[in-house]
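Containing compact mmCIF, C-alpha atoms: input_3.txt.
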# COMPACT_ATOMS: atom_id res chain seq x y z
CA MET A 120 111.39 57.07 95.10
CA SER A 121 111.54 60.88 94.96
CA VAL A 122 109.28 63.84 95.65
CA LEU A 123 108.19 65.93 92.68
CA VAL A 124 106.09 69.09 92.43
CA VAL A 125 104.44 70.49 89.30
CA GLY A 126 102.68 73.82 89.72
CA MET A 127 101.82 77.39 88.85
CA SER A 128 101.65 80.44 91.08
CA HIS A 129 101.40 84.22 90.96
CA LYS A 130 105.16 84.24 90.42
CA SER A 131 105.07 82.09 87.29
CA ALA A 132 101.74 82.94 85.65
CA PRO A 133 99.46 85.97 85.15
CA LEU A 134 96.08 86.04 86.85
CA GLU A 135 94.17 85.10 83.69
CA VAL A 136 96.18 81.86 83.46
CA LEU A 137 95.83 81.11 87.18
CA GLU A 138 92.07 81.49 86.79
CA LYS A 139 92.08 78.64 84.28
CA VAL A 140 94.15 76.42 86.55
CA ALA A 141 92.16 77.19 89.74
CA LEU A 142 90.60 74.22 91.52
CA ASP A 143 87.61 74.05 93.82
CA PRO A 144 87.72 71.39 96.58
CA ALA A 145 85.92 68.76 94.50
CA ALA A 146 88.19 69.34 91.51
CA SER A 147 91.27 69.14 93.74
CA ILE A 148 90.20 65.73 95.01
CA LYS A 149 89.43 64.47 91.51
CA LEU A 150 92.77 65.66 90.14
CA SER A 151 94.66 64.13 93.05
CA GLN A 152 92.97 60.78 92.42
CA LEU A 153 93.69 60.93 88.68
CA VAL A 154 97.33 61.71 89.40
CA LEU A 155 97.53 58.71 91.71
CA GLU A 156 96.38 56.48 88.84
CA ALA A 157 99.30 57.63 86.70
CA PRO A 158 102.26 55.29 86.14
CA PHE A 159 105.23 55.76 88.46
CA VAL A 160 103.16 57.75 91.04
CA THR A 161 102.52 56.27 94.49
CA GLU A 162 101.30 59.30 96.49
CA SER A 163 99.75 62.67 95.68
CA VAL A 164 98.76 65.91 97.43
CA VAL A 165 97.18 68.93 95.71
CA VAL A 166 97.67 72.40 97.20
CA SER A 167 95.21 74.90 95.73
CA THR A 168 94.95 78.49 96.99
CA CYS A 169 93.94 81.87 95.59
CA ASN A 170 97.39 82.29 94.06
CA ARG A 171 98.78 78.82 93.43
CA VAL A 172 97.96 75.29 92.26
CA GLU A 173 100.60 72.66 92.98
CA ILE A 174 100.61 68.88 92.63
CA TYR A 175 103.04 67.02 94.86
CA VAL A 176 103.77 63.37 94.14
CA GLU A 177 106.06 60.63 95.33
CA ALA A 178 107.38 59.18 92.09
CA GLU A 179 109.33 56.13 91.03
CA ARG A 180 110.54 57.73 87.79
CA PHE A 181 111.12 61.43 87.28
CA HIS A 182 110.48 61.88 83.55
CA GLY A 183 107.46 59.63 83.34
CA ALA A 184 105.84 61.23 86.38
CA VAL A 185 106.53 64.81 85.18
CA GLU A 186 104.99 64.06 81.80
CA GLU A 187 101.84 62.49 83.19
CA VAL A 188 101.25 64.99 86.00
CA SER A 189 101.83 67.92 83.63
CA ARG A 190 99.43 66.45 81.08
CA LEU A 191 96.66 66.11 83.67
CA LEU A 192 97.11 69.67 84.94
CA ALA A 193 97.22 71.11 81.41
CA GLU A 194 94.07 69.19 80.44
CA HIS A 195 92.26 70.44 83.53
CA ALA A 196 93.17 74.05 82.69
CA ASP A 197 92.53 73.58 78.95
CA LEU A 198 95.91 75.12 78.16
CA ASP A 199 97.85 74.30 75.01
CA ARG A 200 101.36 72.94 75.42
CA ASP A 201 103.21 76.18 74.67
CA GLU A 202 101.16 78.28 77.11
CA PHE A 203 101.40 75.61 79.79
CA VAL A 204 105.18 75.23 79.48
CA ARG A 205 105.68 79.02 79.71
CA HIS A 206 104.06 79.23 83.13
CA VAL A 207 104.58 75.87 84.86
CA TYR A 208 107.44 75.08 87.23
CA VAL A 209 108.83 71.69 88.21
CA HIS A 210 110.89 70.93 91.32
CA PHE A 211 112.45 67.57 92.11
CA ASP A 212 114.03 66.01 95.19
CA GLU A 213 115.99 68.64 97.17
CA ALA A 214 114.43 71.54 95.22
CA ALA A 215 110.93 70.16 95.85
CA VAL A 216 111.61 69.83 99.58
CA ALA A 217 112.98 73.37 99.72
CA HIS A 218 109.96 74.65 97.80
CA VAL A 219 107.26 73.20 100.05
CA PHE A 220 109.17 74.29 103.17
CA GLY A 221 109.39 77.83 101.75
CA VAL A 222 105.70 77.80 100.83
CA ALA A 223 104.67 76.76 104.34
CA ALA A 224 106.91 79.45 105.84
CA GLY A 225 105.21 82.17 103.74
CA MET A 226 108.33 82.84 101.66
CA ASP A 227 106.57 82.13 98.36
CA SER A 228 103.30 83.91 99.18
CA MET A 229 101.80 86.89 97.40
CA ILE A 230 101.93 88.68 100.75
CA LEU A 231 105.35 87.88 102.16
CA GLY A 232 105.19 85.95 105.41
CA GLU A 233 101.40 85.58 105.49
CA SER A 234 100.31 82.83 107.85
CA GLN A 235 97.12 81.81 106.04
CA ILE A 236 99.13 79.46 103.83
CA LEU A 237 99.82 77.26 106.85
CA GLY A 238 96.13 76.45 107.17
CA GLN A 239 95.85 75.87 103.43
CA VAL A 240 98.78 73.44 103.42
CA ARG A 241 97.30 71.67 106.44
CA ASP A 242 93.92 71.40 104.69
CA ALA A 243 95.59 69.93 101.61
CA LEU A 244 97.26 67.27 103.75
CA LEU A 245 94.06 66.48 105.65
CA THR A 246 92.15 66.12 102.38
CA ALA A 247 94.80 63.79 100.98
CA GLN A 248 94.67 61.74 104.17
CA ALA A 249 90.88 61.52 104.01
CA GLU A 250 91.00 60.48 100.35
CA SER A 251 93.91 58.05 100.95
CA THR A 252 96.09 59.63 98.26
CA VAL A 253 98.96 60.38 100.64
CA GLY A 254 101.38 57.87 102.10
CA PRO A 255 104.30 57.92 104.53
CA ALA A 256 106.68 59.90 102.29
CA LEU A 257 104.50 62.94 101.54
CA ASN A 258 102.90 62.78 104.96
CA ALA A 259 106.32 63.17 106.59
CA LEU A 260 107.24 65.96 104.15
CA PHE A 261 104.08 67.97 104.79
CA GLN A 262 104.15 67.45 108.55
CA GLN A 263 107.69 68.80 108.56
CA ALA A 264 106.65 71.72 106.34
CA LEU A 265 103.88 72.66 108.78
CA ARG A 266 106.31 72.51 111.70
CA ILE A 267 108.76 74.75 109.86
CA GLY A 268 106.01 77.25 109.04
CA LYS A 269 105.04 77.45 112.70
CA ARG A 270 108.67 77.78 113.72
CA GLY A 271 109.23 80.67 111.30
CA HIS A 272 106.31 82.62 112.74
CA ALA A 273 107.21 81.79 116.34
CA GLU A 274 110.88 82.74 116.11
CA THR A 275 110.70 85.77 113.81
CA GLY A 276 108.46 88.73 113.06
CA ILE A 277 107.91 87.62 109.46
CA ASP A 278 104.13 88.03 109.59
CA ARG A 279 104.23 91.69 110.63
CA LEU A 280 103.52 92.74 107.03
CA ALA A 281 100.23 90.86 106.89
CA PRO A 282 99.23 87.64 108.66
CA SER A 283 96.81 86.89 105.83
CA ILE A 284 95.76 88.09 102.42
CA VAL A 285 92.53 89.34 104.04
CA THR A 286 94.49 91.53 106.45
CA ALA A 287 96.58 92.85 103.56
CA SER A 288 93.50 93.72 101.50
CA LEU A 289 91.89 95.55 104.42
CA ALA A 290 95.11 97.49 104.98
CA ALA A 291 95.11 98.45 101.29
CA ALA A 292 91.50 99.64 101.62
CA GLY A 293 92.58 102.45 103.93
CA ASP A 294 90.68 104.44 106.53
CA ILE A 295 87.20 103.37 105.43
CA VAL A 296 87.73 100.02 107.13
CA GLU A 297 88.22 101.71 110.50
CA ALA A 298 85.31 104.17 110.16
CA GLU A 299 82.73 103.70 112.89
CA ASP A 300 79.68 103.32 110.62
CA THR A 301 81.25 101.33 107.73
CA ARG A 302 79.03 98.50 106.50
CA PHE A 303 80.52 95.32 105.03
CA LEU A 304 79.02 92.81 102.63
CA ILE A 305 80.79 89.47 102.24
CA ALA A 306 79.82 87.37 99.22
CA GLY A 307 80.55 83.70 99.89
CA ALA A 308 80.65 81.48 102.95
CA GLY A 309 83.74 79.34 102.43
CA THR A 310 87.12 79.34 104.12
CA MET A 311 88.14 82.79 102.83
CA ALA A 312 84.78 84.29 103.82
CA LYS A 313 85.10 82.85 107.32
CA LEU A 314 88.58 84.33 107.58
CA ALA A 315 87.25 87.71 106.43
CA VAL A 316 84.47 87.66 109.04
CA ARG A 317 86.84 86.61 111.81
CA THR A 318 89.36 89.29 110.83
CA LEU A 319 86.73 92.04 110.84
CA VAL A 320 85.25 90.96 114.18
CA GLU A 321 88.73 90.77 115.74
CA ARG A 322 89.37 94.32 114.54
CA GLY A 323 86.38 95.47 116.58
CA ILE A 324 83.80 95.77 113.78
CA ASP A 325 80.28 95.29 115.16
CA ALA A 326 78.78 92.06 113.85
CA ASP A 327 75.60 93.95 112.94
CA GLN A 328 77.62 95.91 110.38
CA ILE A 329 78.66 92.71 108.58
CA ALA A 330 76.35 90.79 106.25
CA VAL A 331 77.12 87.48 104.55
CA ALA A 332 75.37 86.38 101.37
CA ASN A 333 75.73 82.93 99.86
CA ARG A 334 73.93 80.95 97.17
CA THR A 335 73.37 78.21 99.73
CA TYR A 336 71.58 80.14 102.45
CA GLU A 337 72.24 77.49 105.08
CA ARG A 338 75.99 78.08 104.84
CA ALA A 339 75.46 81.80 105.40
CA GLN A 340 73.31 80.92 108.40
CA ASP A 341 76.07 78.71 109.80
CA LEU A 342 78.48 81.63 109.61
CA SER A 343 75.86 83.87 111.22
CA ILE A 344 75.39 81.48 114.14
CA GLU A 345 79.15 81.11 114.54
CA SER A 346 80.04 84.81 114.53
CA GLY A 347 76.83 86.79 115.01
CA VAL A 348 76.89 88.48 111.58
CA ARG A 349 73.77 88.88 109.47
CA ALA A 350 72.94 86.09 106.98
CA LEU A 351 71.39 87.03 103.62
CA ARG A 352 69.68 85.05 100.92
CA TRP A 353 71.50 85.39 97.62
CA GLU A 354 68.54 87.14 95.99
CA ASP A 355 68.90 89.94 98.57
CA THR A 356 72.52 90.65 97.63
CA ASP A 357 71.79 93.65 95.41
CA HIS A 358 69.66 95.31 98.08
CA GLU A 359 72.50 94.97 100.61
CA LEU A 360 75.03 96.01 97.98
CA ALA A 361 73.31 99.37 97.68
CA ALA A 362 73.84 99.98 101.41
CA ALA A 363 77.34 98.57 101.87
CA ASP A 364 80.55 100.59 101.96
CA VAL A 365 82.90 97.63 101.44
CA LEU A 366 82.27 94.47 99.42
CA ILE A 367 84.51 91.45 100.03
CA SER A 368 83.86 88.80 97.41
CA CYS A 369 85.18 85.23 97.59
CA THR A 370 82.42 83.03 96.16
CA GLY A 371 84.38 80.37 94.29
CA ALA A 372 82.14 80.86 91.25
CA ASN A 373 83.46 79.98 87.80
CA GLY A 374 82.75 83.39 86.28
CA ILE A 375 82.21 87.08 87.04
CA VAL A 376 79.67 87.62 89.82
CA PHE A 377 79.75 91.42 90.08
CA ASP A 378 80.06 93.10 86.68
CA ARG A 379 80.23 96.83 86.03
CA PRO A 380 76.49 97.36 85.40
CA ARG A 381 75.63 95.60 88.67
CA ILE A 382 78.01 97.79 90.68
CA GLU A 383 76.83 100.94 88.86
CA ALA A 384 73.20 100.06 89.57
CA ALA A 385 73.95 99.70 93.27
CA GLY A 386 75.61 103.11 93.44
CA ARG A 387 77.98 101.64 96.01
CA PRO A 388 80.12 100.29 97.63
CA GLN A 389 83.15 102.54 97.65
CA VAL A 390 85.68 99.74 98.08
CA LEU A 391 85.52 96.36 96.36
CA ILE A 392 87.82 93.57 97.52
CA ASP A 393 88.07 90.53 95.26
CA LEU A 394 89.81 87.57 96.90
CA ALA A 395 88.47 84.94 94.51
CA LEU A 396 90.24 82.86 91.91
CA PRO A 397 88.78 82.87 89.32
CA ARG A 398 87.95 86.51 90.01
CA ASP A 399 84.44 87.52 91.12
CA ILE A 400 84.53 91.23 90.24
CA ASP A 401 84.96 92.61 86.73
CA SER A 402 88.14 94.71 86.54
CA ALA A 403 86.14 97.24 84.48
CA VAL A 404 84.64 98.57 87.74
CA ARG A 405 87.89 100.49 88.19
CA ASP A 406 86.54 102.99 85.66
CA ILE A 407 83.58 103.89 87.90
CA ASP A 408 84.10 107.20 89.71
CA GLY A 409 84.53 106.82 93.46
CA VAL A 410 85.06 103.04 93.30
CA SER A 411 88.30 101.36 94.35
CA LEU A 412 89.02 97.73 93.40
CA ILE A 413 91.52 95.70 95.39
CA ASP A 414 92.14 92.31 93.82
CA LEU A 415 94.94 89.78 93.53
CA VAL A 416 96.67 91.93 90.90
CA VAL A 417 96.88 94.84 93.35
CA LEU A 418 97.94 92.61 96.23
CA SER A 419 100.66 90.94 94.17
CA LYS A 420 102.39 94.32 93.83
CA LEU A 421 103.00 94.55 97.57
CA THR A 422 106.74 94.02 98.04
CA GLU A 423 109.02 93.11 100.89
CA ASN A 424 109.17 95.63 103.68
CA ALA A 425 112.72 96.78 104.39
CA GLU A 426 112.01 96.40 108.11
CA LEU A 427 111.44 92.69 107.52
CA ALA A 428 114.80 92.07 105.86
CA ALA A 429 116.36 90.50 108.95
CA ASP A 430 113.30 88.33 109.57
CA VAL A 431 113.25 87.20 105.94
CA LYS A 432 116.91 86.26 106.16
CA GLN A 433 116.31 84.34 109.37
CA VAL A 434 113.33 82.40 107.98
CA ARG A 435 115.29 81.51 104.86
CA SER A 436 118.11 80.28 107.07
CA ILE A 437 115.63 78.16 109.01
CA VAL A 438 114.30 76.68 105.77
CA GLU A 439 117.81 75.91 104.47
CA ASP A 440 118.79 74.21 107.73
CA GLU A 441 115.60 72.18 107.81
CA VAL A 442 116.02 71.08 104.18
CA ARG A 443 119.47 69.71 104.96
CA THR A 444 118.18 67.94 108.05
CA PHE A 445 115.19 66.47 106.21
CA LEU A 446 117.31 65.16 103.35
CA VAL A 447 119.74 63.53 105.74
CA ALA A 448 116.84 61.83 107.49
CA LYS A 449 115.35 60.73 104.16
CA ALA A 450 118.68 59.25 103.09
CA ALA A 451 118.45 57.06 106.17
CA SER A 452 114.79 56.25 105.51
CA HIS A 453 114.92 52.81 107.14
CA ILE A 454 115.97 54.41 110.42
CA THR A 455 113.88 57.58 110.04
CA PRO A 456 111.70 56.80 113.12
CA THR A 457 114.85 56.85 115.27
CA VAL A 458 116.06 60.14 113.79
CA VAL A 459 112.64 61.76 114.16
CA ALA A 460 112.41 60.53 117.74
CA LEU A 461 115.83 62.07 118.46
CA ARG A 462 114.83 65.46 117.05
CA THR A 463 111.46 65.31 118.83
CA MET A 464 113.18 64.50 122.10
CA ALA A 465 115.52 67.48 121.60
CA THR A 466 112.58 69.76 120.79
CA ASP A 467 110.66 68.52 123.85
CA VAL A 468 113.69 69.14 126.09
CA VAL A 469 114.05 72.68 124.74
CA ASP A 470 110.33 73.39 125.20
CA ALA A 471 110.41 72.03 128.74
CA GLU A 472 113.45 74.13 129.65
CA VAL A 473 111.88 77.27 128.18
CA ALA A 474 108.69 76.63 130.17
CA ARG A 475 110.75 76.13 133.34
CA ILE A 476 112.71 79.34 132.76
CA GLU A 477 109.53 81.28 132.00
CA ALA A 478 107.96 80.05 135.24
CA ARG A 479 111.03 80.86 137.34
CA LEU A 480 111.75 84.21 135.67
CA PRO A 481 108.33 85.74 134.98
CA ASP A 482 109.85 89.19 134.43
CA LEU A 483 111.56 88.15 131.21
CA THR A 484 110.29 90.06 128.18
CA ALA A 485 108.98 88.28 125.09
CA ASP A 486 112.16 89.18 123.21
CA GLU A 487 114.38 87.87 126.00
CA LEU A 488 112.43 84.63 126.19
CA ALA A 489 112.68 84.25 122.41
CA SER A 490 116.46 84.72 122.65
CA VAL A 491 116.66 82.00 125.31
CA ARG A 492 114.57 79.67 123.16
CA GLN A 493 116.75 80.27 120.11
CA ALA A 494 119.94 79.73 122.12
CA LEU A 495 118.68 76.44 123.55
CA ARG A 496 117.50 75.31 120.12
CA ARG A 497 120.89 76.10 118.61
CA VAL A 498 122.60 74.06 121.32
CA ALA A 499 120.21 71.13 120.77
CA ASP A 500 120.61 71.34 116.99
CA LYS A 501 124.39 71.33 117.26
CA LEU A 502 124.33 68.35 119.62
CA ILE A 503 122.15 66.22 117.35
CA HIS A 504 123.43 67.46 113.99
CA THR A 505 126.45 65.17 113.87
CA PRO A 506 124.61 61.97 114.87
CA THR A 507 121.83 62.62 112.36
CA VAL A 508 124.41 63.13 109.61
CA ARG A 509 126.61 60.18 110.60
CA VAL A 510 123.87 57.70 111.38
CA GLN A 511 123.49 56.71 107.72
CA GLN A 512 127.24 56.16 107.43
CA LEU A 513 127.14 54.03 110.55
CA VAL A 514 124.23 51.92 109.34
CA ASP A 515 125.78 51.45 105.89
CA GLY A 516 129.14 50.44 107.39
CA THR A 517 130.34 46.88 107.73
CA GLY A 518 131.34 45.03 110.84
CA SER A 519 129.94 45.30 114.34
CA LEU A 520 130.29 48.03 116.92
CA THR A 521 129.86 48.06 120.64
CA TYR A 522 127.41 50.57 122.10
CA ALA A 523 130.34 52.70 123.26
CA GLU A 524 131.96 52.61 119.83
CA ALA A 525 128.65 53.49 118.15
CA LEU A 526 128.14 56.41 120.52
CA ALA A 527 131.64 57.72 119.88
CA ASP A 528 131.13 57.39 116.12
CA LEU A 529 127.72 59.08 116.10
CA PHE A 530 128.92 62.11 118.06
CA ALA A 531 132.37 62.18 116.41
CA LEU A 532 134.01 62.04 119.81
CA ASP A 533 137.77 62.41 119.97
CA GLN A 534 139.13 58.88 120.45
CA ALA A 535 142.06 60.08 122.56
CA ALA A 536 139.62 61.74 124.97
CA VAL A 537 137.55 58.56 125.11
CA ASP A 538 140.64 56.47 125.83
CA ALA A 539 141.74 58.88 128.56
CA VAL A 540 138.36 58.66 130.28
CA THR A 541 138.44 54.86 129.97
CA ARG A 542 141.88 54.68 131.61
CA VAL A 543 140.81 56.90 134.49
CA GLY A 544 137.69 54.85 134.98
CA GLY A 545 139.68 51.65 134.95
CA GLU A 546 142.18 52.93 137.51
CA SER A 547 139.49 54.15 139.92
CA ALA A 548 137.69 50.88 139.72
What does this structure look like when you write it as C-alpha cells?
Amino acid sequence: MSVLVVGMSHKSAPLEVLEKVALDPAASIKLSQLVLEAPFVTESVVVSTCNRVEIYVEAERFHGAVEEVSRLLAEHADLDRDEFVRHVYVHFDEAAVAHVFGVAAGMDSMILGESQILGQVRDALLTAQAESTVGPALNALFQQALRIGKRGHAETGIDRLAPSIVTASLAAAGDIVEAEDTRFLIAGAGTMAKLAVRTLVERGIDADQIAVANRTYERAQDLSIESGVRALRWEDTDHELAAADVLISCTGANGIVFDRPRIEAAGRPQVLIDLALPRDIDSAVRDIDGVSLIDLVVLSKLTENAELAADVKQVRSIVEDEVRTFLVAKAASHITPTVVALRTMATDVVDAEVARIEARLPDLTADELASVRQALRRVADKLIHTPTVRVQQLVDGTGSLTYAEALADLFALDQAAVDAVTRVGGESA
C-alpha cells in the first residue's frame, strides 16, 4: 500500500486550465467517492483551492491507480489526453509525502508561506472523514501535514509575506484599502468571503463600510450577524457596485459574474479583486480607465522575498526532517502507535518545559523563547531519532532480547559503557 497524488496547480497549469479543473464542495465529494470506487484504491482525499486541485489516494498498485485517478480527473475537467498530460503532476510514496507536507507548510502556495492553506487542508480531511473516504493511512498523513504546517509558522517568520491570499490581494491594492472612507463590496458568502470580511474588520475597517451580496440571501445574513457587515440581496448588487471603491469577488460561480459592460455601467469601483476559480471578473475590465484588476494571475507573479530566504530554508529543512521521520514510522507500520506515542511524549515534554521556563522567566523576549523551544526540540529529536530509526530493525530481527538489551539496541548505546555500569552496579550491590 502506497500514497499517491495526482493534481494540478498554478505551478503546472495556466489559469484557464485550472478553471476547468476547479471543484466546488459538492463536486469534490463526488469525485472523491468515484475515486474510491476505482480498482486498487482504498482511501481518497481531495484538496481543492483557488490555485490547486489534488487527489490523494492510498493505492495497492501504482500504475493501475494512476491511470484510473487521472482518467476521472481528466473527465471531470473535460480535457483531452494531451492537454491533461501537459499540466498534471504525479507524486508517489516519498515524493507524495514530501509534497503534501510542503503544501501544508505553504511552500507550494501562490503566495509563499500563506497560512490559509492549512485551513483548506484541514477542511479536505474533515470532509473525507465525514464522507468516510479516508482511512488510517491518509488520516495519519494529513494529521502530520497539519502539524508540520503549524510548526513551520510557529518556529519561523515564513508568513510575513502574506498570511493569506486575501491579505496579499489587499496589499497589492495599495493605499485605497487604508483610506478612511473606502467602501467595500464582497460578492459571495463562502469560506473566502468570510476570510475577506474577517481580514478587513481586523484591519480596522468599519463594518458599515463593508457590504456582502450573495445569491442566497440567508448566507449573506449569516455573515452579517457574525461580523456586523451589511447584507445585500443579489439583485441589489449593481446599486452597491456603483457606490463601492473596492470589489472583492469570490462567488464560486461557473462563469463570469462581472463582465466589462457591467463594470462600465457602474462607473466604479476603482479596484477589483477576483479571488474565484473559475474567475468571476472578466479580464477585459483592465482596459477600463481608472480600474485596476487584481486576480490570481497578478498574485501568482509575487515572488519570494529576499528577507524570507532564511525562513524558507528553515521550513524546507523542517519538511525534509519530517518526511524522513514519517517514512521511518510508516516502514514500521505495525508498531506506528508506539512510535507516534514516543514522539508525542517528546513534544509534550518540550511544550511543558517551555511553559515552565516562560512562567519562571517572564522577561524573555519572543525570539529568546523561540530559541529555547528550538533548542529543546532539537535535543528531543536527537534523543528519539535513533530509536525511531532502529525500531523497525529490532522488530524485524530474530531471537529474543531482554528489556535492557532492547533499550541498548534502540538507543545505540555503547556496549562497553553498558558493561562498565553493570559491573559497578554489581559491585555496589
Query raised in the report: So, counting only C-alpha atoms, which residue among A:Val204, A:Val164, A:Leu412, A:Leu134 is closest to Val122 in chain A?
Result: A:Val164
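With all atoms listed in the file as the atoms that count, the residue of A:Ala193, A:Asp486, A:Ala474, A:Thr463 with the shortest distance to Ile503 in chain A is A:Thr463.
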Query raised in the report: Rounded to one decimal in Å, what is the spacing between CA of Gln152 in chain A and CA of Glu173 in chain A?
Result: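 That distance, rounded to one decimal, is 14.1 Å.
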Counting all atoms listed in the file, which residues of range 307-407 of chain A fall within 9 Å of range 290-293 of chain A, and what is the closest atom pair for each with its distance in Å at one decimal, ordered by chain and rising number, as a Markdown table?
| residue | atom | partner | partner_atom | distance |
| --- | --- | --- | --- | --- |
| A:Val365 | CA | A:Ala292 | CA | 8.8 |
| A:Val390 | CA | A:Ala292 | CA | 6.8 |
| A:Leu391 | CA | A:Ala292 | CA | 8.6 |
| A:Ile392 | CA | A:Ala292 | CA | 8.2 |
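Closest approach to Ala361 in chain A among A:Cys169, A:Leu304, A:Val207, A:Ala339 is made by A:Leu304 (distances from only C-alpha atoms).
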Report task. Counting all atoms listed in the file, find the residues whose atoms lie at most 8 Å from (78.3, 96.1, 102.6) (file coordinates) and write them out as a list of chain:residue names. Result ->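 The residues near that point, listed by chain and number, are A:Thr301, A:Arg302, A:Phe303, A:Leu304, A:Ile305, A:Gln328, A:Ile329, A:Ala330, A:Glu359, A:Leu360, A:Ala361, A:Ala362, A:Ala363, A:Asp364, A:Val365, A:Leu366, A:Pro388.
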Requested in this report: For Ser234 in chain A, please output as JSON, numbers by chain all residues within 12 Å (counting all atoms listed in the file; exclusion window: fewer than 6 positions along the same chain).
Outcome: {"A": [222, 223, 224, 225, 226, 227, 228, 240, 241, 265, 267, 268, 269, 270, 271, 272, 273, 276, 277, 278, 279, 280, 281, 282, 283, 284, 285, 286, 287, 314]}
Query - Proximity to Ala385 in chain A - best of A:Thr356, A:Ser368, A:Asn373, A:Ser436, only C-alpha atoms - result: A:Thr356
Report task. Tell me, as a PyMOL selection string, which residues lie within 10 Å of Arg352 in chain A, counting only C-alpha atoms; anything in the same chain fewer than 6 positions away does not count. Result -> chain A and resi 331-337+339-340
How would the residues just picked look written out with C-alpha atoms as an mmCIF file, in the coordinates of the input?
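File selection05.cif, as written:
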data_model
loop_
_atom_site.group_PDB
_atom_site.id
_atom_site.type_symbol
_atom_site.label_atom_id
_atom_site.label_comp_id
_atom_site.auth_asym_id
_atom_site.auth_seq_id
_atom_site.Cartn_x
_atom_site.Cartn_y
_atom_site.Cartn_z
ATOM 1 C CA VAL A 331 77.120 87.480 104.550
ATOM 2 C CA ALA A 332 75.370 86.380 101.370
ATOM 3 C CA ASN A 333 75.730 82.930 99.860
ATOM 4 C CA ARG A 334 73.930 80.950 97.170
ATOM 5 C CA THR A 335 73.370 78.210 99.730
ATOM 6 C CA TYR A 336 71.580 80.140 102.450
ATOM 7 C CA GLU A 337 72.240 77.490 105.080
ATOM 8 C CA ALA A 339 75.460 81.800 105.400
ATOM 9 C CA GLN A 340 73.310 80.920 108.400
#
**Report entry** 12 Å contact set for His206 in chain A, only C-alpha atoms, chain neighbours under 2 positions out, as a list in words
**Finding:** Val125, Gly126, Met127, Ser128, His129, Lys130, Ser131, Ala132, Pro133, Leu134, Glu135, Val136, Leu137, Val140, Arg171, Val172, Ser189, Leu192, Ala193, Leu198, Asp199, Arg200, Asp201, Glu202, Phe203, Val204, Tyr208 and Val209 of chain A
Requested in this report: Dump as an NGL selection string all residues having an atom at most 8 Å from (116.9, 71.7, 120.7), computed in the file's coordinates with only C-alpha atoms.
Outcome: :A and (462 or 465-469 or 495-500)
Query raised in the report: Can you tell me how far CA of Val447 in chain A sits from CA of Gly254 in chain A, in Å to one decimal?
Result: 19.6 Å
**Report entry** Closest of A:Ala428, A:Phe211, A:Leu351, A:Glu441 to Val185 in chain A - atom-to-atom distances counting all atoms listed in the file
**Finding:**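 Checking each of A:Ala428, A:Phe211, A:Leu351, A:Glu441 against Val185 in chain A, counting all atoms listed in the file, the winner is A:Phe211.
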Query raised in the report: Quick one, how far is CA of Thr168 in chain A from CA of Glu186 in chain A?
Result: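 Those two atoms sit 23.2 Å apart.
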Report task. Find the residues around Pro158 in chain A up to 8 Å (all atoms listed in the file counted), leave out those fewer than 4 positions away in its own chain, and share them as a list in words. Result -> Gly183, Ala184 and Glu187 of chain A
Query raised in the report: For Ala350 in chain A, which residue among A:Ala259, A:Val431, A:Val160, A:Ala308 is the nearest when counting all atoms listed in the file?
Result: A:Ala308
**Report entry** Exercise: Gly309 in chain A partners within 9 Å, all atoms listed in the file, chain neighbours under 5 positions left out, as a ChimeraX atom specification
**Finding:** /A:314,338,369-371
Extending 4 Å beyond the listed atoms of range 207-210 of chain A on each side, what axis-aligned box results? I want centre and edge lengths in Å to one decimal, as lines of an AutoDock Vina configuration file.
center_x = 107.7
center_y = 73.4
center_z = 88.1
size_x = 14.3
size_y = 12.9
size_z = 14.5
